[in-house]
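Peer 1: Contents of target_34.pdb (PDB, C-alpha atoms) are below:
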MODEL        1
ATOM      1  CA  MET A   1       7.588 -16.456   8.958
ATOM      2  CA  GLN A   2       9.247 -18.096   5.968
ATOM      3  CA  SER A   3      12.990 -18.674   5.903
ATOM      4  CA  TYR A   4      15.244 -17.174   3.253
ATOM      5  CA  LYS A   5      16.303 -20.587   1.918
ATOM      6  CA  ALA A   6      12.698 -21.751   1.682
ATOM      7  CA  MET A   7      11.856 -18.663  -0.360
ATOM      8  CA  VAL A   8      14.758 -19.235  -2.767
ATOM      9  CA  ASP A   9      13.806 -22.902  -3.218
ATOM     10  CA  GLU A  10      10.126 -22.089  -3.707
ATOM     11  CA  ILE A  11      10.873 -19.588  -6.468
ATOM     12  CA  LEU A  12      13.235 -21.978  -8.260
ATOM     13  CA  ASP A  13      10.584 -24.694  -7.964
ATOM     14  CA  ASP A  14       7.874 -22.462  -9.399
ATOM     15  CA  ILE A  15       9.945 -21.552 -12.449
ATOM     16  CA  ASN A  16      11.508 -25.024 -12.742
ATOM     17  CA  SER A  17      15.065 -23.659 -12.651
ATOM     18  CA  HIS A  18      17.002 -25.584 -10.005
ATOM     19  CA  ASN A  19      19.575 -26.527 -12.665
ATOM     20  CA  SER A  20      20.246 -22.975 -13.805
ATOM     21  CA  ASP A  21      23.379 -21.530 -12.208
ATOM     22  CA  ASP A  22      22.465 -18.114 -13.592
ATOM     23  CA  LEU A  23      19.059 -18.069 -11.886
ATOM     24  CA  LYS A  24      20.533 -19.435  -8.664
ATOM     25  CA  ARG A  25      22.716 -16.324  -8.666
ATOM     26  CA  ARG A  26      20.052 -13.832  -9.742
ATOM     27  CA  VAL A  27      17.118 -14.975  -7.612
ATOM     28  CA  PRO A  28      18.772 -14.191  -4.229
ATOM     29  CA  LYS A  29      19.699 -10.708  -5.477
ATOM     30  CA  LEU A  30      16.128 -10.070  -6.591
ATOM     31  CA  ILE A  31      14.754 -11.348  -3.301
ATOM     32  CA  GLN A  32      16.944  -8.855  -1.454
ATOM     33  CA  LYS A  33      15.925  -6.020  -3.787
ATOM     34  CA  PHE A  34      12.187  -6.560  -3.468
ATOM     35  CA  TYR A  35      12.406  -7.389   0.226
ATOM     36  CA  PHE A  36      13.632  -3.875   0.944
ATOM     37  CA  LYS A  37      11.159  -2.307  -1.495
ATOM     38  CA  ILE A  38       8.167  -4.015   0.100
ATOM     39  CA  CYS A  39       9.403  -3.252   3.619
ATOM     40  CA  LYS A  40       9.495   0.422   2.644
ATOM     41  CA  LYS A  41       5.838   0.469   1.592
ATOM     42  CA  ILE A  42       4.034   0.089   4.931
ATOM     43  CA  SER A  43       4.644  -0.245   8.657
ATOM     44  CA  TRP A  44       5.369  -3.953   9.188
ATOM     45  CA  ALA A  45       4.951  -4.995  12.822
ATOM     46  CA  PRO A  46       8.385  -6.684  13.296
ATOM     47  CA  LEU A  47      10.122  -3.508  12.073
ATOM     48  CA  ARG A  48       8.339  -1.074  14.407
ATOM     49  CA  LYS A  49      10.440   0.921  16.843
ATOM     50  CA  GLU A  50      10.180   4.045  18.939
ATOM     51  CA  ILE A  51      12.645   6.743  19.864
ATOM     52  CA  GLU A  52      12.464   9.734  22.187
ATOM     53  CA  LEU A  53      13.742  13.018  20.764
ATOM     54  CA  ASP A  54      14.623  16.010  22.953
ATOM     55  CA  PHE A  55      13.971  19.142  20.909
ATOM     56  CA  THR A  56      15.301  21.399  23.671
ATOM     57  CA  THR A  57      18.751  20.515  22.330
ATOM     58  CA  ASP A  58      17.809  21.985  18.925
ATOM     59  CA  THR A  59      19.050  25.465  19.806
ATOM     60  CA  THR A  60      19.739  26.447  16.180
ATOM     61  CA  ASN A  61      16.460  25.195  14.673
ATOM     62  CA  LEU A  62      18.258  22.686  12.457
ATOM     63  CA  GLY A  63      15.952  19.852  13.451
ATOM     64  CA  ILE A  64      16.815  16.576  15.140
ATOM     65  CA  GLN A  65      18.583  13.829  13.188
ATOM     66  CA  LEU A  66      16.582  10.642  12.761
ATOM     67  CA  PRO A  67      18.029   7.124  12.522
ATOM     68  CA  SER A  68      19.399   6.405   9.050
ATOM     69  CA  ASP A  69      17.490   3.120   8.900
ATOM     70  CA  LEU A  70      14.112   4.835   9.352
ATOM     71  CA  PHE A  71      11.732   3.820   6.556
ATOM     72  CA  GLY A  72       8.604   5.663   7.689
ATOM     73  CA  ILE A  73       6.864   7.339  10.635
ATOM     74  CA  ASP A  74       3.645   6.024  12.166
ATOM     75  CA  ARG A  75       3.076   8.613  14.865
ATOM     76  CA  ILE A  76       4.701  11.474  16.770
ATOM     77  CA  TYR A  77       3.385  12.251  20.240
ATOM     78  CA  ASP A  78       4.172  14.689  23.037
ATOM     79  CA  GLU A  79       3.079  12.908  26.222
ATOM     80  CA  ASP A  80       3.625  15.873  28.554
ATOM     81  CA  ASN A  81       1.349  18.220  26.619
ATOM     82  CA  LYS A  82      -0.950  15.527  25.176
ATOM     83  CA  VAL A  83      -0.248  16.722  21.647
ATOM     84  CA  GLU A  84      -0.106  14.567  18.541
ATOM     85  CA  PHE A  85       1.917  15.883  15.615
ATOM     86  CA  ILE A  86       0.494  15.243  12.162
ATOM     87  CA  VAL A  87       3.239  14.151   9.762
ATOM     88  CA  ARG A  88       3.347  16.214   6.602
ATOM     89  CA  ASP A  89       5.703  16.800   3.714
ATOM     90  CA  SER A  90       7.517  20.108   4.256
ATOM     91  CA  SER A  91       5.621  21.641   1.322
ATOM     92  CA  GLU A  92       2.301  20.735   2.976
ATOM     93  CA  VAL A  93       2.860  22.682   6.203
ATOM     94  CA  LEU A  94       0.294  25.394   5.526
ATOM     95  CA  PRO A  95      -0.947  28.257   7.736
ATOM     96  CA  ASP A  96      -4.613  27.381   7.135
ATOM     97  CA  GLU A  97      -4.210  24.010   8.867
ATOM     98  CA  PRO A  98      -4.195  25.002  12.561
ATOM     99  CA  CYS A  99      -2.758  21.903  14.214
ATOM    100  CA  TYR A 100       0.617  20.652  15.376
ATOM    101  CA  ARG A 101       2.630  19.163  12.506
ATOM    102  CA  ALA A 102       5.966  17.523  11.831
ATOM    103  CA  TYR A 103       8.029  17.171   8.695
ATOM    104  CA  GLN A 104      11.347  15.713   7.558
ATOM    105  CA  THR A 105      14.096  17.245   5.437
ATOM    106  CA  TYR A 106      17.120  15.769   3.684
ATOM    107  CA  PRO A 107      20.003  17.975   4.876
ATOM    108  CA  SER A 108      22.689  16.811   2.451
ATOM    109  CA  VAL A 109      23.147  15.342  -1.020
ATOM    110  CA  ASP A 110      26.302  13.591   0.213
ATOM    111  CA  PRO A 111      27.012  11.202   3.088
ATOM    112  CA  LEU A 112      28.752  12.668   6.108
ATOM    113  CA  LEU A 113      31.837  10.562   5.274
ATOM    114  CA  THR A 114      32.857   8.262   2.430
ATOM    115  CA  TYR A 115      35.956   6.110   2.800
ATOM    116  CA  ASP A 116      37.392   3.075   1.012
ATOM    117  CA  ASP A 117      39.382   1.232   3.672
ATOM    118  CA  LEU A 118      36.823  -0.730   5.661
ATOM    119  CA  ILE A 119      37.833  -4.212   6.838
ATOM    120  CA  ILE A 120      35.172  -6.557   8.196
ATOM    121  CA  ASN A 121      34.589 -10.323   8.306
ATOM    122  CA  SER A 122      31.280 -12.023   7.617
ATOM    123  CA  GLY A 123      29.505 -12.543  10.938
ATOM    124  CA  ALA A 124      31.555  -9.837  12.657
ATOM    125  CA  ALA A 125      30.168  -6.989  14.747
ATOM    126  CA  THR A 126      33.393  -4.955  14.626
ATOM    127  CA  PHE A 127      35.273  -3.310  11.768
ATOM    128  CA  LEU A 128      38.460  -1.384  11.096
ATOM    129  CA  SER A 129      39.061   1.787   9.106
ATOM    130  CA  ALA A 130      42.217   3.883   9.362
ATOM    131  CA  SER A 131      40.380   6.838   7.789
ATOM    132  CA  LEU A 132      37.551   6.736  10.308
ATOM    133  CA  SER A 133      40.062   6.370  13.140
ATOM    134  CA  ALA A 134      41.834   9.507  11.914
ATOM    135  CA  TYR A 135      38.500  11.356  11.759
ATOM    136  CA  VAL A 136      37.728  10.372  15.361
ATOM    137  CA  ALA A 137      41.233  11.380  16.477
ATOM    138  CA  LEU A 138      40.385  14.954  15.418
ATOM    139  CA  GLY A 139      37.745  15.061  18.160
ATOM    140  CA  ASN A 140      34.743  13.880  16.158
ATOM    141  CA  ASP A 141      32.189  11.424  17.528
ATOM    142  CA  VAL A 142      30.555   8.772  15.332
ATOM    143  CA  THR A 143      28.673   6.975  18.095
ATOM    144  CA  SER A 144      25.080   6.239  16.972
ATOM    145  CA  GLU A 145      25.864   7.050  13.341
ATOM    146  CA  TYR A 146      24.878   4.451  10.724
ATOM    147  CA  ILE A 147      27.056   3.031   7.974
ATOM    148  CA  LYS A 148      26.353   1.299   4.675
ATOM    149  CA  ILE A 149      28.924  -1.233   3.534
ATOM    150  CA  ALA A 150      30.263  -1.730   0.004
ATOM    151  CA  GLY A 151      26.952  -1.314  -1.785
ATOM    152  CA  GLU A 152      25.381  -4.080   0.313
ATOM    153  CA  PRO A 153      21.836  -3.554   1.592
ATOM    154  CA  GLY A 154      21.343  -2.845   5.248
ATOM    155  CA  TYR A 155      22.200  -0.173   7.789
ATOM    156  CA  TYR A 156      24.600  -0.745  10.676
ATOM    157  CA  LYS A 157      24.701   1.457  13.777
ATOM    158  CA  ILE A 158      28.083   2.284  15.316
ATOM    159  CA  THR A 159      28.001   1.936  19.110
ATOM    160  CA  ASN A 160      31.436   3.227  20.139
ATOM    161  CA  ASN A 161      33.936   5.911  19.190
ATOM    162  CA  VAL A 162      37.241   4.050  19.106
ATOM    163  CA  SER A 163      38.834   1.465  16.819
ATOM    164  CA  PRO A 164      37.903  -1.327  16.394
ATOM    165  CA  PHE A 165      34.471   0.163  15.836
ATOM    166  CA  THR A 166      31.526  -1.887  17.098
ATOM    167  CA  LEU A 167      28.213  -2.396  15.312
ATOM    168  CA  GLU A 168      24.875  -2.876  17.027
ATOM    169  CA  ASN A 169      24.103  -5.849  14.741
ATOM    170  CA  ALA A 170      26.570  -8.204  13.102
ATOM    171  CA  TYR A 171      27.259  -7.995   9.375
ATOM    172  CA  TYR A 172      26.669 -11.268   7.482
ATOM    173  CA  GLY A 173      27.513 -10.230   3.932
ATOM    174  CA  LYS A 174      30.702 -11.322   2.242
ATOM    175  CA  ALA A 175      33.989 -10.403   3.935
ATOM    176  CA  GLN A 176      35.295  -6.979   2.920
ATOM    177  CA  VAL A 177      38.887  -5.765   2.663
ATOM    178  CA  GLN A 178      39.608  -2.129   1.766
ATOM    179  CA  ALA A 179      35.936  -1.696   0.936
ATOM    180  CA  ASP A 180      33.922   1.437   0.317
ATOM    181  CA  PHE A 181      31.570   2.538   3.092
ATOM    182  CA  GLN A 182      29.448   5.528   3.976
ATOM    183  CA  VAL A 183      28.826   7.118   7.350
ATOM    184  CA  ARG A 184      25.401   8.804   7.677
ATOM    185  CA  PRO A 185      24.088   7.978   4.184
ATOM    186  CA  ILE A 186      22.138  10.586   2.227
ATOM    187  CA  GLU A 187      18.731   9.084   3.092
ATOM    188  CA  THR A 188      19.266  10.241   6.704
ATOM    189  CA  THR A 189      16.675  12.910   7.519
ATOM    190  CA  ARG A 190      16.131  15.564  10.152
ATOM    191  CA  LEU A 191      12.806  16.105  11.906
ATOM    192  CA  PHE A 192      11.109  19.426  12.616
ATOM    193  CA  ILE A 193       7.990  19.998  14.704
ATOM    194  CA  VAL A 194       5.837  23.111  14.373
ATOM    195  CA  ASP A 195       2.917  24.620  16.261
ATOM    196  CA  PRO A 196      -0.376  25.744  14.665
ATOM    197  CA  SER A 197       1.225  29.095  13.772
ATOM    198  CA  GLU A 198       4.080  27.370  11.900
ATOM    199  CA  ASN A 199       6.656  28.223  14.548
ATOM    200  CA  LYS A 200       9.398  25.625  14.918
ATOM    201  CA  LEU A 201       9.298  24.152  18.414
ATOM    202  CA  SER A 202      12.324  23.528  20.613
ATOM    203  CA  ASP A 203      10.674  23.322  24.025
ATOM    204  CA  ARG A 204       9.684  19.680  24.433
ATOM    205  CA  THR A 205      10.439  15.994  24.094
ATOM    206  CA  VAL A 206       8.429  13.834  21.710
ATOM    207  CA  LYS A 207       8.150  10.132  21.002
ATOM    208  CA  VAL A 208       8.515   9.028  17.398
ATOM    209  CA  PHE A 209       6.950   5.705  16.475
ATOM    210  CA  TYR A 210       8.430   4.444  13.217
ATOM    211  CA  TRP A 211       9.395   1.408  11.205
ATOM    212  CA  SER A 212      12.925   0.643  10.121
ATOM    213  CA  ALA A 213      14.746  -1.084   7.290
ATOM    214  CA  PRO A 214      14.980  -4.853   7.794
ATOM    215  CA  ARG A 215      18.191  -6.768   8.307
ATOM    216  CA  PRO A 216      19.417  -8.095   4.961
ATOM    217  CA  LEU A 217      18.793 -11.741   4.090
ATOM    218  CA  TYR A 218      22.076 -13.665   3.955
ATOM    219  CA  LYS A 219      21.819 -16.860   6.001
ATOM    220  CA  ASP A 220      19.591 -19.766   5.010
ATOM    221  CA  THR A 221      17.843 -19.538   8.367
ATOM    222  CA  ASP A 222      17.124 -15.793   8.174
ATOM    223  CA  SER A 223      13.407 -15.114   8.550
ATOM    224  CA  ILE A 224      11.419 -12.977   6.132
ATOM    225  CA  ILE A 225       9.411 -10.647   8.339
ATOM    226  CA  PHE A 226       6.168 -10.672   6.309
ATOM    227  CA  PRO A 227       3.306 -12.688   7.850
ATOM    228  CA  ASP A 228       2.589 -13.948   4.319
ATOM    229  CA  ALA A 229       5.586 -13.756   1.950
ATOM    230  CA  THR A 230       3.681 -14.549  -1.252
ATOM    231  CA  ILE A 231       3.993 -10.937  -2.408
ATOM    232  CA  LEU A 232       7.794 -11.216  -2.245
ATOM    233  CA  LYS A 233       7.814 -14.435  -4.257
ATOM    234  CA  LEU A 234       5.517 -13.006  -6.939
ATOM    235  CA  SER A 235       7.549  -9.791  -7.181
ATOM    236  CA  VAL A 236      10.710 -11.773  -7.929
ATOM    237  CA  ILE A 237       9.054 -14.140 -10.430
ATOM    238  CA  ARG A 238       7.459 -11.219 -12.266
ATOM    239  CA  GLU A 239      10.888  -9.622 -12.695
ATOM    240  CA  LEU A 240      12.361 -12.695 -14.404
ATOM    241  CA  PRO A 241      11.873 -12.774 -18.205
ATOM    242  CA  GLU A 242      12.458 -16.545 -18.166
ATOM    243  CA  ALA A 243       9.444 -17.025 -15.911
ATOM    244  CA  LYS A 244       6.850 -15.220 -18.011
ATOM    245  CA  LYS A 245       5.759 -18.368 -19.830
ATOM    246  CA  ARG A 246       6.399 -20.878 -17.061
ATOM    247  CA  ARG A 247       4.805 -18.858 -14.252
ATOM    248  CA  PRO A 248       3.028 -15.664 -15.406
ATOM    249  CA  VAL A 249       2.074 -13.233 -12.631
ATOM    250  CA  SER A 250      -0.818 -10.800 -13.111
ATOM    251  CA  GLN A 251      -1.264  -7.419 -11.485
ATOM    252  CA  LYS A 252      -4.434  -8.717  -9.820
ATOM    253  CA  GLU A 253      -2.476 -11.594  -8.260
ATOM    254  CA  MET A 254       0.087  -9.103  -6.959
ATOM    255  CA  GLU A 255      -2.591  -6.895  -5.423
ATOM    256  CA  GLU A 256      -4.313  -9.841  -3.767
ATOM    257  CA  ALA A 257      -1.024 -11.088  -2.297
ATOM    258  CA  MET A 258      -0.185  -7.633  -0.936
ATOM    259  CA  GLY A 259      -3.686  -7.345   0.490
ATOM    260  CA  GLU A 260      -3.333 -10.684   2.279
ATOM    261  CA  ALA A 261       0.016  -9.683   3.777
ATOM    262  CA  LYS A 262      -1.449  -6.373   4.984
ATOM    263  CA  LYS A 263      -4.467  -8.153   6.446
ATOM    264  CA  GLN A 264      -2.214 -10.352   8.570
ATOM    265  CA  ASN A 265       0.032  -7.464   9.632
ATOM    266  CA  PRO A 266      -0.921  -6.483  13.227
ATOM    267  CA  GLN A 267      -2.228  -2.952  13.530
ATOM    268  CA  SER A 268      -2.400  -0.585  16.481
ATOM    269  CA  PRO A 269      -4.629   2.165  15.154
ATOM    270  CA  ALA A 270      -4.997   5.463  16.964
ATOM    271  CA  THR A 271      -8.371   6.260  18.454
ATOM    272  CA  GLN A 272     -11.089   6.750  15.856
ATOM    273  CA  ALA A 273     -13.013   9.227  18.014
ATOM    274  CA  PRO A 274     -14.083  12.412  16.165
ATOM    275  CA  ARG A 275     -11.526  15.212  16.060
ATOM    276  CA  ASP A 276     -11.788  18.893  15.209
ATOM    277  CA  LYS A 277      -9.744  20.854  12.675
ATOM    278  CA  ASN A 278      -6.940  21.213  15.235
ATOM    279  CA  ASN A 279      -6.743  17.422  15.600
ATOM    280  CA  ASN A 280      -8.190  17.663  19.111
ATOM    281  CA  LEU A 281     -10.868  15.277  20.386
ATOM    282  CA  PHE A 282     -14.388  16.651  20.527
ATOM    283  CA  THR A 283     -15.266  16.928  24.208
ATOM    284  CA  MET A 284     -19.033  17.432  23.675
ATOM    285  CA  ASN A 285     -18.972  19.883  26.595
ATOM    286  CA  ASN A 286     -21.053  22.324  24.607
ATOM    287  CA  LYS A 287     -24.654  21.131  24.890
ATOM    288  CA  ASN A 288     -25.983  23.507  22.238
ATOM    289  CA  LEU A 289     -26.277  21.349  19.151
ATOM    290  CA  PHE A 290     -26.731  24.325  16.871
ATOM    291  CA  THR A 291     -23.469  26.154  17.523
ATOM    292  CA  THR A 292     -20.550  25.963  15.073
ATOM    293  CA  ARG A 293     -17.971  23.385  15.990
ATOM    294  CA  SER A 294     -14.421  24.745  16.052
TER     295      SER A 294
ENDMDL
END
Represent the structure contained in this file as structure tokens.
Peer 2:
Amino acid sequence: MQSYKAMVDEILDDINSHNSDDLKRRVPKLIQKFYFKICKKISWAPLRKEIELDFTTDTTNLGIQLPSDLFGIDRIYDEDNKVEFIVRDSSEVLPDEPCYRAYQTYPSVDPLLTYDDLIINSGAATFLSASLSAYVALGNDVTSEYIKIAGEPGYYKITNNVSPFTLENAYYGKAQVQADFQVRPIETTRLFIVDPSENKLSDRTVKVFYWSAPRPLYKDTDSIIFPDATILKLSVIRELPEAKKRRPVSQKEMEEAMGEAKKQNPQSPATQAPRDKNNNLFTMNNKNLFTTRS
């Protein structure tokens, strides 16, 4: 994996701009921007996680809240009943597709909370907020909620319910004093699972295999998670008007770089054995070759 500093230096080398203070400021911002965009595209191995969700707690059929840093879902599986849920958009859950499905919804157009009094140092894993402390004092619990800090990229999970509030991972952006922050940002989704008859299920536990947002790149030694980071470099160079003559980047070059990164990204594909319309494996128990397969 390439380091953040090596990526910055390589881009400045390619466009011959080590003496430009303006580009030294803009290139890191563009790296961060495209880093998150590319991470969102596919399931990168270093970002893969799993979580167990107990739908028996969903007594009001409002779905189960997913982690705010979730970028995409690879698989949803019910081990007890040996059922795999096919992920669909909510508009694609149709009655003529008789299999178990899952879909996400965005429950709110606003964060749960928005305050402007966050105090945190660079490298710290704790923060202060009088407003959040007051919210907790009313009997509310923010444990396991995620925050976004002052427009910076990255998601930070709160691990306690008392001030000073603790984060699961340290924040390495610039120090913030009386800064804006959001609790449970609007990209946080809720998950629903349905049976072949479109009934919402609340009788089981499922495992969700997903990939998350990366940690932002701040320190020189931070590693870029791509097995081949050429696609990130080309994305940044292509965005710079100053680089069009010095280092033009074609669409074909972009596609080849993305293809190489995907090729080196470890995969754990599900079984490729034939499945029926209900997403069940063919058992081949029926020996009559001329009957209709269900």
Peer 1: Taking all listed atoms of stretch 207-220 of chain A, build the axis-aligned box, pad each of the six sides by 6 Å, then write its centre and edge lengths in Å to one decimal as lines of an AutoDock Vina configuration file.
Peer 2:
center_x = 14.5
center_y = -4.8
center_z = 12.5
size_x = 27.1
size_y = 41.9
size_z = 29.0
Peer 1: Need to verify the contact set: stretch 17-32 of chain A, 12 Å, all atoms listed in the file, exclusion of same-chain residues closer than 5 positions in sequence. Can you return it as a VMD selection string?
Peer 2: chain A and resid 3 to 12 37 to 39 152 to 154 173 213 to 220 222 224 229 to 243 246 to 247
Peer 1: So how many Å separate atom CA of A:Phe226 and atom CA of A:Gly72, to one decimal?
Peer 2: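 The value is 16.6 Å.
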Peer 1: Calculated over all atoms listed in the file, which of the candidates A:Phe71, A:Ile193, A:Cys99, A:Lys157 has the smallest distance to A:Ile42?
Peer 2: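 Answer, going by the shortest atom-to-atom distance: A:Phe71.
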Peer 1: Excluding A:Ala124 and any residue of its chain fewer than 3 positions from it, enumerate the residues within 7 Å of it, using all atoms listed in the file, and give them as an MDAnalysis selection string.
Peer 2: chainID A and resid 120:121 170:171
Peer 1: Work out how far apart atom CA of A:Gln176 and atom CA of A:Leu47 are and give it in Å to one decimal.
Peer 2: 27.0 Å
Peer 1: To one decimal in Å, tell me the separation between atom CA of A:Ser133 and atom CA of A:Val162.
Peer 2: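 One can read the atom CA of A:Ser133 to atom CA of A:Val162 distance as 7.0 Å.
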Peer 1: Would you kindly identify which residues have an atom no farther than 8 Å from (8.8, 9.8, 8.0), using all atoms listed in the file and the file's own coordinates, and write them out as a list in words?
Peer 2: Leu70, Phe71, Gly72, Ile73, Asp74, Val87, Tyr103, Gln104 and Tyr210 of chain A
Peer 1: Between A:Glu253, A:Asp110, A:Asp203, A:Asp80, which has the minimum distance to A:Thr59 (counting only C-alpha atoms)?
Peer 2: A:Asp203
Peer 1: Show which residues sit within 12 Å of A:Tyr135, as a list of chain:residue names. Count all atoms listed in the file, and ignore same-chain residues fewer than 6 positions away.
Peer 2: A:Leu112, A:Leu113, A:Thr114, A:Tyr115, A:Ser129, A:Asp141, A:Val142, A:Asn161, A:Val162, A:Ser163, A:Val183
Peer 1: Please write the residues picked by the PyMOL selection byres ((chain A and resi 85) around 12) on this file as a VMD selection string.
Peer 2: chain A and resid 73 to 79 81 to 84 86 to 88 93 98 to 103 191 to 196 201 206 to 209 278 to 280
Peer 1: Compare A:Trp44, A:Phe165, A:Phe181, A:Phe55 by their minimum atom-to-atom distance to A:Pro111, counting all atoms listed in the file, and give me the closest one.
Peer 2: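 Using all atoms listed in the file, the shortest distance to A:Pro111 belongs to A:Phe181.
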